[in-house]
file entry06.cif (mmCIF, C-alpha atoms)
data_query
#
loop_
_atom_site.label_atom_id
_atom_site.label_comp_id
_atom_site.auth_asym_id
_atom_site.auth_seq_id
_atom_site.Cartn_x
_atom_site.Cartn_y
_atom_site.Cartn_z
CA MET A 167 0.00 0.00 0.00
CA ASP A 168 1.10 3.56 -0.75
CA GLU A 169 2.33 4.93 2.59
CA ARG A 170 0.51 8.22 2.06
CA PHE A 171 -2.84 6.45 2.49
CA SER A 172 -1.84 4.11 5.32
CA ARG A 173 -3.58 6.03 8.11
CA GLN A 174 -6.94 6.03 6.35
CA ALA A 175 -6.86 2.42 5.12
CA ASP A 176 -9.71 1.30 7.38
CA ILE A 177 -11.82 4.35 6.53
CA VAL A 178 -11.30 4.80 2.79
CA PRO A 179 -11.13 1.37 1.10
CA ARG A 180 -8.38 1.67 -1.50
CA GLU A 181 -9.81 -0.94 -3.86
CA ARG A 182 -13.19 0.83 -3.90
CA ILE A 183 -11.95 4.38 -4.37
CA MET A 184 -9.72 3.29 -7.24
CA ASP A 185 -12.87 2.44 -9.19
CA CYS A 186 -14.23 5.97 -8.72
CA ARG A 187 -14.04 8.82 -11.20
CA ALA A 188 -15.21 11.99 -9.47
CA THR A 189 -16.76 15.05 -11.11
CA VAL A 190 -17.04 18.26 -9.07
CA ILE A 191 -19.47 20.73 -10.62
CA GLY A 192 -18.91 24.22 -9.26
CA VAL A 193 -15.52 25.04 -7.74
CA GLY A 194 -16.50 27.86 -5.44
CA ALA A 195 -16.53 27.84 -1.64
CA ILE A 196 -17.70 24.24 -1.17
CA GLY A 197 -16.54 22.74 -4.46
CA ARG A 198 -12.92 23.85 -4.04
CA GLN A 199 -12.75 22.18 -0.63
CA VAL A 200 -14.41 19.02 -1.97
CA ALA A 201 -11.81 18.81 -4.75
CA LEU A 202 -8.88 19.23 -2.36
CA GLN A 203 -10.27 16.66 0.08
CA LEU A 204 -11.01 14.14 -2.69
CA THR A 205 -7.44 14.51 -3.89
CA ALA A 206 -6.04 14.08 -0.38
CA ILE A 207 -7.97 10.83 0.26
CA GLY A 208 -6.72 9.37 -3.00
CA ILE A 209 -9.31 9.74 -5.74
CA PRO A 210 -7.45 8.60 -8.91
CA TRP A 211 -9.49 10.60 -11.47
CA LEU A 212 -10.95 14.06 -10.96
CA GLN A 213 -12.90 16.38 -13.22
CA LEU A 214 -13.57 20.02 -12.30
CA ILE A 215 -16.30 21.99 -14.09
CA ASP A 216 -16.74 25.74 -13.58
CA PHE A 217 -16.75 28.74 -15.92
CA ASP A 218 -16.01 31.39 -13.27
CA ALA A 219 -12.82 33.38 -12.84
CA ILE A 220 -11.53 34.33 -9.39
CA GLU A 221 -12.55 37.70 -7.97
CA GLU A 222 -11.25 39.51 -4.91
CA SER A 223 -14.33 38.49 -2.87
CA ASN A 224 -13.39 34.83 -3.43
CA ILE A 225 -10.16 35.07 -1.46
CA ALA A 226 -11.66 35.17 2.04
CA SER A 227 -14.83 33.17 1.34
CA GLN A 228 -13.46 30.45 -0.95
CA GLY A 229 -9.82 30.12 0.05
CA TYR A 230 -8.20 31.29 -3.17
CA TYR A 231 -4.90 33.16 -3.20
CA GLU A 232 -4.08 36.75 -4.09
CA ASP A 233 -2.02 35.52 -7.05
CA ASP A 234 -5.07 33.59 -8.33
CA LEU A 235 -7.04 36.73 -9.19
CA LYS A 236 -8.59 36.58 -12.69
CA ARG A 237 -7.55 32.94 -13.20
CA PHE A 238 -10.21 30.32 -13.83
CA LYS A 239 -11.21 28.64 -10.58
CA VAL A 240 -10.74 25.17 -12.08
CA HIS A 241 -7.15 25.97 -13.08
CA ALA A 242 -6.20 27.37 -9.67
CA THR A 243 -7.81 24.43 -7.88
CA ALA A 244 -6.28 21.89 -10.27
CA GLU A 245 -2.83 23.32 -9.54
CA ILE A 246 -3.21 22.70 -5.80
CA CYS A 247 -4.65 19.23 -6.41
CA HIS A 248 -1.61 18.30 -8.48
CA MET A 249 0.65 19.59 -5.72
CA ILE A 250 -1.13 17.22 -3.32
CA ASN A 251 -0.99 14.27 -5.71
CA PRO A 252 1.09 14.64 -8.89
CA LYS A 253 -0.21 11.26 -10.14
CA LEU A 254 -3.84 12.42 -10.16
CA GLU A 255 -5.55 12.22 -13.54
CA LEU A 256 -7.27 15.59 -13.65
CA TYR A 257 -9.45 17.42 -16.17
CA ALA A 258 -10.33 21.11 -15.77
CA ILE A 259 -13.35 22.26 -17.80
CA THR A 260 -13.70 26.05 -18.11
CA GLU A 261 -17.34 26.19 -19.16
CA ARG A 262 -20.85 25.69 -17.81
CA PHE A 263 -22.05 22.15 -17.20
CA LYS A 264 -23.69 20.68 -20.30
CA ARG A 265 -26.12 17.77 -20.46
CA THR A 266 -23.87 16.13 -23.03
CA ALA A 267 -20.76 16.39 -20.85
CA THR A 268 -18.74 13.26 -20.17
CA ILE A 269 -18.66 12.79 -16.40
CA GLY A 270 -17.37 10.40 -13.78
CA ASN A 271 -19.42 7.78 -11.93
CA VAL A 272 -19.40 9.94 -8.79
CA VAL A 273 -20.72 13.53 -8.84
CA PHE A 274 -20.42 16.31 -6.27
CA CYS A 275 -22.83 19.13 -7.07
CA CYS A 276 -21.64 22.46 -5.61
CA VAL A 277 -23.54 25.06 -7.61
CA ASP A 278 -25.50 28.14 -6.53
CA LYS A 279 -28.95 27.74 -8.02
CA ILE A 280 -31.76 25.22 -7.57
CA SER A 281 -32.53 25.39 -11.30
CA THR A 282 -28.93 24.43 -12.10
CA ARG A 283 -29.09 21.54 -9.62
CA GLN A 284 -32.25 20.28 -11.30
CA LEU A 285 -30.62 20.41 -14.73
CA ILE A 286 -27.57 18.54 -13.44
CA TRP A 287 -29.63 15.89 -11.67
CA GLU A 288 -31.76 15.18 -14.74
CA ALA A 289 -28.62 14.90 -16.86
CA VAL A 290 -26.58 12.61 -14.58
CA LYS A 291 -29.02 10.55 -12.48
CA ASP A 292 -28.95 7.52 -14.79
CA LYS A 293 -25.18 7.63 -15.36
CA ILE A 294 -23.77 7.65 -11.84
CA SER A 295 -23.61 5.52 -8.70
CA PHE A 296 -23.16 8.33 -6.14
CA PHE A 297 -24.45 11.92 -6.08
CA CYS A 298 -23.90 14.49 -3.34
CA ASP A 299 -25.25 18.05 -3.28
CA GLY A 300 -23.74 20.66 -0.97
CA ARG A 301 -25.66 23.84 -0.16
CA MET A 302 -24.71 26.79 2.03
CA SER A 303 -26.12 30.15 3.09
CA ALA A 304 -24.19 32.14 5.67
CA GLU A 305 -23.73 29.67 8.58
CA VAL A 306 -26.37 27.18 7.50
CA LEU A 307 -25.41 24.19 5.39
CA ARG A 308 -27.22 21.23 3.87
CA VAL A 309 -25.78 18.03 2.39
CA ILE A 310 -28.12 15.81 0.35
CA THR A 311 -26.93 12.44 -0.94
CA ALA A 312 -28.47 10.05 -3.48
CA CYS A 313 -26.87 6.65 -3.94
CA ASP A 314 -29.65 4.05 -3.71
CA ASP A 315 -33.26 3.70 -4.85
CA LYS A 316 -34.74 5.34 -1.77
CA SER A 317 -32.45 8.36 -1.69
CA ARG A 318 -32.73 8.79 -5.47
CA ARG A 319 -36.50 9.08 -5.09
CA TYR A 320 -36.05 11.57 -2.25
CA TYR A 321 -33.57 13.95 -3.88
CA PRO A 322 -35.96 15.50 -6.47
CA GLN A 323 -38.22 16.56 -3.57
CA THR A 324 -35.47 18.97 -2.45
CA LEU A 325 -35.46 20.77 -5.79
CA PHE A 326 -38.13 23.27 -4.84
CA ALA A 327 -39.24 26.11 -7.07
CA ALA A 328 -36.88 29.07 -7.27
CA GLN A 329 -39.43 31.41 -5.66
CA GLN A 330 -39.32 29.24 -2.52
CA ALA A 331 -35.56 29.58 -2.16
CA HIS A 332 -33.85 31.87 0.31
CA ALA A 333 -33.73 35.37 -1.16
CA GLY A 334 -30.47 36.03 -2.97
CA ALA A 335 -27.77 33.69 -4.20
CA CYS A 336 -26.60 31.09 -1.71
CA THR A 337 -23.11 32.57 -1.92
CA ALA A 338 -24.27 36.11 -1.03
CA LYS A 339 -23.16 35.41 2.55
CA SER A 340 -20.52 32.73 2.94
CA THR A 341 -17.55 31.78 5.10
CA ILE A 342 -14.64 29.45 4.45
CA TYR A 343 -15.24 27.52 7.69
CA CYS A 344 -18.85 26.72 6.77
CA ALA A 345 -17.71 25.60 3.31
CA ASN A 346 -15.04 23.35 4.84
CA ILE A 347 -17.59 21.74 7.15
CA ALA A 348 -20.02 21.18 4.28
CA ALA A 349 -17.27 19.59 2.18
CA GLY A 350 -16.25 17.40 5.11
CA PHE A 351 -19.78 16.07 5.49
CA MET A 352 -19.96 15.40 1.76
CA LEU A 353 -16.72 13.41 1.92
CA ALA A 354 -18.00 11.58 5.01
CA GLN A 355 -21.05 10.40 3.07
CA PHE A 356 -18.79 9.36 0.20
CA THR A 357 -16.55 7.27 2.44
CA LYS A 358 -19.64 5.64 3.98
CA TYR A 359 -20.70 4.75 0.46
CA LEU A 360 -17.24 3.28 -0.22
CA ARG A 361 -17.53 1.15 2.92
CA MET A 362 -21.06 0.11 1.92
CA LEU A 363 -22.48 1.65 5.11
CA PRO A 364 -25.87 3.42 5.36
CA VAL A 365 -25.63 6.97 4.00
CA ASP A 366 -27.52 9.94 5.46
CA SER A 367 -29.75 11.28 2.70
CA ASP A 368 -30.26 14.78 4.14
CA ILE A 369 -28.12 16.58 6.73
CA GLN A 370 -28.86 20.15 7.82
CA ILE A 371 -26.62 22.13 10.17
CA ASN A 372 -27.02 25.62 11.60
CA LEU A 373 -23.61 26.57 12.97
CA LEU A 374 -24.83 29.76 14.62
CA ALA A 375 -27.58 27.98 16.56
CA SER A 376 -25.55 24.75 17.01
CA GLU A 377 -28.41 22.76 15.46
CA PHE A 378 -27.87 19.45 13.68
CA ASN A 379 -30.66 17.58 11.91
CA VAL A 380 -30.55 14.37 9.90
CA GLY A 381 -33.60 13.89 7.70
CA ALA A 382 -35.00 10.55 6.60
CA CYS A 383 -35.94 9.65 3.06
#

call {"tool": "encode", "arguments": {"input": "entry06.cif", "output": "structure tokens"}}
result
Amino acid sequence: MDERFSRQADIVPRERIMDCRATVIGVGAIGRQVALQLTAIGIPWLQLIDFDAIEESNIASQGYYEDDLKRFKVHATAEICHMINPKLELYAITERFKRTATIGNVVFCCVDKISTRQLIWEAVKDKISFFCDGRMSAEVLRVITACDDKSRRYYPQTLFAAQQAHAGACTAKSTIYCANIAAGFMLAQFTKYLRMLPVDSDIQINLLASEFNVGAC
């Protein structure tokens, strides 16, 4: 076994993760952290999809560097991922997600809008084995996972009409620590899936109120 993964051997099954090709759609606050964590736990194939360039407001809230300004987010994130694991097979796509896009068998959805999530879900649901959606507004986060028949039936129920959504984009108020926690919970569901353990379909956390709720399908 590669020594770099020795301390996680009982938590992240090497033979299972080596069969995974992960696509991260949206490389903002949550998506950047998901990509870095996936790389660190040993994902062998990673695809990053995002059309955005880095702005000054992304430095504090998304963990980008001063020198990254005006670069594409996927390129800046890919650079760090390759520093973590030079052997990683990585593809950076600098455009919006398209229904016809070639994707991996594992998808992490980290976009801003419900309408975009719905488009992604409809496009990928029959092509993948694991799907995880990370949402965040200020200090409230939600992680929704679909990886079996029951959770796949549940997920579309969370795609409520845009007029029901919290006013403003979900990134209007964001913090790097909330994004890191959301990404950590997404990776925790992924490693449960790898170990063939029950996965929580809907986790909601309010950091300000110290509230933690796990919903049932």

call {"tool": "resolve_selection", "arguments": {"input": "entry06.cif", "expression": "the PyMOL selection byres ((chain A and resi 224-229) around 10)", "output": "list in words"}}
result
Val193, Gly194, Ala195, Ile196, Gly197, Arg198, Gln199, Ala219, Ile220, Glu221, Glu222, Ser223, Tyr230, Tyr231, Glu232, Asp233, Asp234, Leu235, Lys239, Thr243, Thr337, Lys339, Ser340, Thr341, Ile342, Tyr343, Cys344, Ala345 and Asn346 of chain A

call {"tool": "resolve_selection", "arguments": {"input": "entry06.cif", "expression": "the PyMOL selection byres ((chain A and resi 248-262) around 6)", "output": "PyMOL selection string"}}
result
chain A and resi 210-217+240+245-247+263

call {"tool": "write_last_selection", "arguments": {"input": "entry06.cif", "atoms": "C-alpha atoms", "output": "PDB file, in the frame of the given file"}}
result
ATOM      1  CA  PRO A 210      -7.450   8.600  -8.910  1.00  0.00           C
ATOM      2  CA  TRP A 211      -9.490  10.600 -11.470  1.00  0.00           C
ATOM      3  CA  LEU A 212     -10.950  14.060 -10.960  1.00  0.00           C
ATOM      4  CA  GLN A 213     -12.900  16.380 -13.220  1.00  0.00           C
ATOM      5  CA  LEU A 214     -13.570  20.020 -12.300  1.00  0.00           C
ATOM      6  CA  ILE A 215     -16.300  21.990 -14.090  1.00  0.00           C
ATOM      7  CA  ASP A 216     -16.740  25.740 -13.580  1.00  0.00           C
ATOM      8  CA  PHE A 217     -16.750  28.740 -15.920  1.00  0.00           C
ATOM      9  CA  VAL A 240     -10.740  25.170 -12.080  1.00  0.00           C
ATOM     10  CA  GLU A 245      -2.830  23.320  -9.540  1.00  0.00           C
ATOM     11  CA  ILE A 246      -3.210  22.700  -5.800  1.00  0.00           C
ATOM     12  CA  CYS A 247      -4.650  19.230  -6.410  1.00  0.00           C
ATOM     13  CA  PHE A 263     -22.050  22.150 -17.200  1.00  0.00           C
TER      14      PHE A 263
END

call {"tool": "resolve_selection", "arguments": {"input": "entry06.cif", "expression": "the PyMOL selection byres ((chain A and resi 350) around 10)", "output": "ChimeraX atom specification"}}
result
/A:196,199-200,203-204,309,344-349,351-356

call {"tool": "residues_around", "arguments": {"input": "entry06.cif", "residues": "region 313-327 of chain A", "least_positions_apart": "2", "cutoff": "10 Å", "atoms": "only C-alpha atoms", "output": "PyMOL selection string"}}
result
chain A and resi 272+279-284+287-288+291+294-299+310-311+329-331+355-356+359+364-368+382-383

call {"tool": "closest_residue", "arguments": {"input": "entry06.cif", "among": "A:Cys186, A:Leu373, A:Val306, A:Ile191", "to": "Val277 (chain A)", "atoms": "all atoms listed in the file"}}
result
A:Ile191

call {"tool": "residues_around", "arguments": {"input": "entry06.cif", "residues": "Arg180 (chain A)", "least_positions_apart": "3", "cutoff": "12 Å", "atoms": "only C-alpha atoms", "output": "PDB file with C-alpha atoms, in the frame of the given file"}}
result
ATOM      1  CA  MET A 167       0.000   0.000   0.000  1.00  0.00           C
ATOM      2  CA  ASP A 168       1.100   3.560  -0.750  1.00  0.00           C
ATOM      3  CA  GLU A 169       2.330   4.930   2.590  1.00  0.00           C
ATOM      4  CA  ARG A 170       0.510   8.220   2.060  1.00  0.00           C
ATOM      5  CA  PHE A 171      -2.840   6.450   2.490  1.00  0.00           C
ATOM      6  CA  SER A 172      -1.840   4.110   5.320  1.00  0.00           C
ATOM      7  CA  ARG A 173      -3.580   6.030   8.110  1.00  0.00           C
ATOM      8  CA  GLN A 174      -6.940   6.030   6.350  1.00  0.00           C
ATOM      9  CA  ALA A 175      -6.860   2.420   5.120  1.00  0.00           C
ATOM     10  CA  ASP A 176      -9.710   1.300   7.380  1.00  0.00           C
ATOM     11  CA  ILE A 177     -11.820   4.350   6.530  1.00  0.00           C
ATOM     12  CA  ILE A 183     -11.950   4.380  -4.370  1.00  0.00           C
ATOM     13  CA  MET A 184      -9.720   3.290  -7.240  1.00  0.00           C
ATOM     14  CA  ASP A 185     -12.870   2.440  -9.190  1.00  0.00           C
ATOM     15  CA  CYS A 186     -14.230   5.970  -8.720  1.00  0.00           C
ATOM     16  CA  ILE A 207      -7.970  10.830   0.260  1.00  0.00           C
ATOM     17  CA  GLY A 208      -6.720   9.370  -3.000  1.00  0.00           C
ATOM     18  CA  ILE A 209      -9.310   9.740  -5.740  1.00  0.00           C
ATOM     19  CA  PRO A 210      -7.450   8.600  -8.910  1.00  0.00           C
ATOM     20  CA  THR A 357     -16.550   7.270   2.440  1.00  0.00           C
ATOM     21  CA  LEU A 360     -17.240   3.280  -0.220  1.00  0.00           C
ATOM     22  CA  ARG A 361     -17.530   1.150   2.920  1.00  0.00           C
TER      23      ARG A 361
END

call {"tool": "decode", "arguments": {"input": "entry06.cif", "residues": "region 224-265 of chain A", "atoms": "N, CA and C atoms", "output": "PDB file, in the first residue's frame"}}
result
ATOM      1  N   ASN A 224     -13.566  36.281  -3.571  1.00  0.00           N
ATOM      2  CA  ASN A 224     -13.394  34.827  -3.430  1.00  0.00           C
ATOM      3  C   ASN A 224     -12.217  34.451  -2.540  1.00  0.00           C
ATOM      4  N   ILE A 225     -11.360  35.395  -2.234  1.00  0.00           N
ATOM      5  CA  ILE A 225     -10.159  35.072  -1.459  1.00  0.00           C
ATOM      6  C   ILE A 225     -10.525  34.658  -0.037  1.00  0.00           C
ATOM      7  N   ALA A 226     -11.295  35.486   0.653  1.00  0.00           N
ATOM      8  CA  ALA A 226     -11.663  35.167   2.036  1.00  0.00           C
ATOM      9  C   ALA A 226     -12.716  34.072   2.122  1.00  0.00           C
ATOM     10  N   SER A 227     -13.687  34.088   1.216  1.00  0.00           N
ATOM     11  CA  SER A 227     -14.825  33.171   1.341  1.00  0.00           C
ATOM     12  C   SER A 227     -14.598  31.803   0.713  1.00  0.00           C
ATOM     13  N   GLN A 228     -13.647  31.713  -0.238  1.00  0.00           N
ATOM     14  CA  GLN A 228     -13.455  30.454  -0.949  1.00  0.00           C
ATOM     15  C   GLN A 228     -12.037  29.902  -0.840  1.00  0.00           C
ATOM     16  N   GLY A 229     -11.154  30.640  -0.197  1.00  0.00           N
ATOM     17  CA  GLY A 229      -9.819  30.118   0.051  1.00  0.00           C
ATOM     18  C   GLY A 229      -8.859  30.211  -1.121  1.00  0.00           C
ATOM     19  N   TYR A 230      -9.143  31.101  -2.077  1.00  0.00           N
ATOM     20  CA  TYR A 230      -8.198  31.295  -3.175  1.00  0.00           C
ATOM     21  C   TYR A 230      -7.106  32.270  -2.751  1.00  0.00           C
ATOM     22  N   TYR A 231      -6.043  32.338  -3.548  1.00  0.00           N
ATOM     23  CA  TYR A 231      -4.897  33.156  -3.203  1.00  0.00           C
ATOM     24  C   TYR A 231      -4.915  34.486  -3.968  1.00  0.00           C
ATOM     25  N   GLU A 232      -4.201  35.452  -3.427  1.00  0.00           N
ATOM     26  CA  GLU A 232      -4.082  36.754  -4.087  1.00  0.00           C
ATOM     27  C   GLU A 232      -3.573  36.594  -5.520  1.00  0.00           C
ATOM     28  N   ASP A 233      -2.598  35.719  -5.716  1.00  0.00           N
ATOM     29  CA  ASP A 233      -2.018  35.516  -7.045  1.00  0.00           C
ATOM     30  C   ASP A 233      -2.979  34.820  -8.006  1.00  0.00           C
ATOM     31  N   ASP A 234      -4.093  34.293  -7.485  1.00  0.00           N
ATOM     32  CA  ASP A 234      -5.066  33.594  -8.329  1.00  0.00           C
ATOM     33  C   ASP A 234      -6.044  34.529  -9.024  1.00  0.00           C
ATOM     34  N   LEU A 235      -6.061  35.802  -8.647  1.00  0.00           N
ATOM     35  CA  LEU A 235      -7.041  36.734  -9.193  1.00  0.00           C
ATOM     36  C   LEU A 235      -7.067  36.711 -10.718  1.00  0.00           C
ATOM     37  N   LYS A 236      -8.286  36.600 -11.247  1.00  0.00           N
ATOM     38  CA  LYS A 236      -8.591  36.583 -12.689  1.00  0.00           C
ATOM     39  C   LYS A 236      -8.302  35.239 -13.357  1.00  0.00           C
ATOM     40  N   ARG A 237      -7.716  34.285 -12.644  1.00  0.00           N
ATOM     41  CA  ARG A 237      -7.546  32.941 -13.200  1.00  0.00           C
ATOM     42  C   ARG A 237      -8.877  32.202 -13.133  1.00  0.00           C
ATOM     43  N   PHE A 238      -9.040  31.186 -13.964  1.00  0.00           N
ATOM     44  CA  PHE A 238     -10.210  30.324 -13.828  1.00  0.00           C
ATOM     45  C   PHE A 238     -10.089  29.536 -12.532  1.00  0.00           C
ATOM     46  N   LYS A 239     -11.213  29.372 -11.846  1.00  0.00           N
ATOM     47  CA  LYS A 239     -11.211  28.636 -10.582  1.00  0.00           C
ATOM     48  C   LYS A 239     -10.734  27.196 -10.769  1.00  0.00           C
ATOM     49  N   VAL A 240     -11.142  26.570 -11.865  1.00  0.00           N
ATOM     50  CA  VAL A 240     -10.741  25.173 -12.078  1.00  0.00           C
ATOM     51  C   VAL A 240      -9.232  25.045 -12.254  1.00  0.00           C
ATOM     52  N   HIS A 241      -8.597  26.034 -12.875  1.00  0.00           N
ATOM     53  CA  HIS A 241      -7.151  25.971 -13.077  1.00  0.00           C
ATOM     54  C   HIS A 241      -6.401  26.171 -11.759  1.00  0.00           C
ATOM     55  N   ALA A 242      -6.848  27.132 -10.957  1.00  0.00           N
ATOM     56  CA  ALA A 242      -6.195  27.374  -9.667  1.00  0.00           C
ATOM     57  C   ALA A 242      -6.363  26.182  -8.735  1.00  0.00           C
ATOM     58  N   THR A 243      -7.558  25.596  -8.738  1.00  0.00           N
ATOM     59  CA  THR A 243      -7.810  24.429  -7.882  1.00  0.00           C
ATOM     60  C   THR A 243      -7.041  23.214  -8.382  1.00  0.00           C
ATOM     61  N   ALA A 244      -7.015  23.017  -9.688  1.00  0.00           N
ATOM     62  CA  ALA A 244      -6.276  21.890 -10.267  1.00  0.00           C
ATOM     63  C   ALA A 244      -4.798  21.949  -9.909  1.00  0.00           C
ATOM     64  N   GLU A 245      -4.242  23.155  -9.876  1.00  0.00           N
ATOM     65  CA  GLU A 245      -2.826  23.325  -9.540  1.00  0.00           C
ATOM     66  C   GLU A 245      -2.533  22.822  -8.132  1.00  0.00           C
ATOM     67  N   ILE A 246      -3.398  23.164  -7.175  1.00  0.00           N
ATOM     68  CA  ILE A 246      -3.207  22.699  -5.801  1.00  0.00           C
ATOM     69  C   ILE A 246      -3.410  21.182  -5.708  1.00  0.00           C
ATOM     70  N   CYS A 247      -4.411  20.670  -6.420  1.00  0.00           N
ATOM     71  CA  CYS A 247      -4.651  19.231  -6.407  1.00  0.00           C
ATOM     72  C   CYS A 247      -3.431  18.470  -6.912  1.00  0.00           C
ATOM     73  N   HIS A 248      -2.801  18.967  -7.953  1.00  0.00           N
ATOM     74  CA  HIS A 248      -1.608  18.302  -8.481  1.00  0.00           C
ATOM     75  C   HIS A 248      -0.417  18.429  -7.543  1.00  0.00           C
ATOM     76  N   MET A 249      -0.397  19.476  -6.738  1.00  0.00           N
ATOM     77  CA  MET A 249       0.647  19.589  -5.724  1.00  0.00           C
ATOM     78  C   MET A 249       0.445  18.532  -4.632  1.00  0.00           C
ATOM     79  N   ILE A 250      -0.822  18.240  -4.320  1.00  0.00           N
ATOM     80  CA  ILE A 250      -1.132  17.217  -3.316  1.00  0.00           C
ATOM     81  C   ILE A 250      -0.817  15.830  -3.858  1.00  0.00           C
ATOM     82  N   ASN A 251      -1.221  15.578  -5.107  1.00  0.00           N
ATOM     83  CA  ASN A 251      -0.987  14.266  -5.715  1.00  0.00           C
ATOM     84  C   ASN A 251      -0.631  14.437  -7.188  1.00  0.00           C
ATOM     85  N   PRO A 252       0.655  14.451  -7.505  1.00  0.00           N
ATOM     86  CA  PRO A 252       1.090  14.640  -8.890  1.00  0.00           C
ATOM     87  C   PRO A 252       0.612  13.535  -9.837  1.00  0.00           C
ATOM     88  N   LYS A 253       0.224  12.380  -9.294  1.00  0.00           N
ATOM     89  CA  LYS A 253      -0.212  11.257 -10.135  1.00  0.00           C
ATOM     90  C   LYS A 253      -1.696  11.333 -10.482  1.00  0.00           C
ATOM     91  N   LEU A 254      -2.397  12.285  -9.917  1.00  0.00           N
ATOM     92  CA  LEU A 254      -3.836  12.415 -10.160  1.00  0.00           C
ATOM     93  C   LEU A 254      -4.127  12.699 -11.631  1.00  0.00           C
ATOM     94  N   GLU A 255      -5.070  11.943 -12.179  1.00  0.00           N
ATOM     95  CA  GLU A 255      -5.550  12.219 -13.538  1.00  0.00           C
ATOM     96  C   GLU A 255      -6.647  13.279 -13.416  1.00  0.00           C
ATOM     97  N   LEU A 256      -6.392  14.464 -13.923  1.00  0.00           N
ATOM     98  CA  LEU A 256      -7.273  15.593 -13.653  1.00  0.00           C
ATOM     99  C   LEU A 256      -7.650  16.333 -14.936  1.00  0.00           C
ATOM    100  N   TYR A 257      -8.929  16.692 -15.008  1.00  0.00           N
ATOM    101  CA  TYR A 257      -9.452  17.417 -16.170  1.00  0.00           C
ATOM    102  C   TYR A 257     -10.169  18.672 -15.686  1.00  0.00           C
ATOM    103  N   ALA A 258      -9.742  19.834 -16.161  1.00  0.00           N
ATOM    104  CA  ALA A 258     -10.331  21.112 -15.772  1.00  0.00           C
ATOM    105  C   ALA A 258     -11.141  21.658 -16.947  1.00  0.00           C
ATOM    106  N   ILE A 259     -12.440  21.824 -16.743  1.00  0.00           N
ATOM    107  CA  ILE A 259     -13.348  22.260 -17.800  1.00  0.00           C
ATOM    108  C   ILE A 259     -13.795  23.689 -17.507  1.00  0.00           C
ATOM    109  N   THR A 260     -13.407  24.638 -18.352  1.00  0.00           N
ATOM    110  CA  THR A 260     -13.703  26.054 -18.108  1.00  0.00           C
ATOM    111  C   THR A 260     -14.968  26.494 -18.852  1.00  0.00           C
ATOM    112  N   GLU A 261     -16.062  25.817 -18.549  1.00  0.00           N
ATOM    113  CA  GLU A 261     -17.341  26.187 -19.158  1.00  0.00           C
ATOM    114  C   GLU A 261     -18.483  25.703 -18.268  1.00  0.00           C
ATOM    115  N   ARG A 262     -19.683  26.141 -18.568  1.00  0.00           N
ATOM    116  CA  ARG A 262     -20.846  25.690 -17.808  1.00  0.00           C
ATOM    117  C   ARG A 262     -21.074  24.205 -18.028  1.00  0.00           C
ATOM    118  N   PHE A 263     -21.701  23.554 -17.045  1.00  0.00           N
ATOM    119  CA  PHE A 263     -22.050  22.151 -17.200  1.00  0.00           C
ATOM    120  C   PHE A 263     -23.032  21.993 -18.357  1.00  0.00           C
ATOM    121  N   LYS A 264     -22.799  20.982 -19.183  1.00  0.00           N
ATOM    122  CA  LYS A 264     -23.689  20.676 -20.298  1.00  0.00           C
ATOM    123  C   LYS A 264     -24.252  19.269 -20.136  1.00  0.00           C
ATOM    124  N   ARG A 265     -25.489  19.087 -20.557  1.00  0.00           N
ATOM    125  CA  ARG A 265     -26.125  17.773 -20.459  1.00  0.00           C
ATOM    126  C   ARG A 265     -25.319  16.698 -21.175  1.00  0.00           C
TER     127      ARG A 265
END
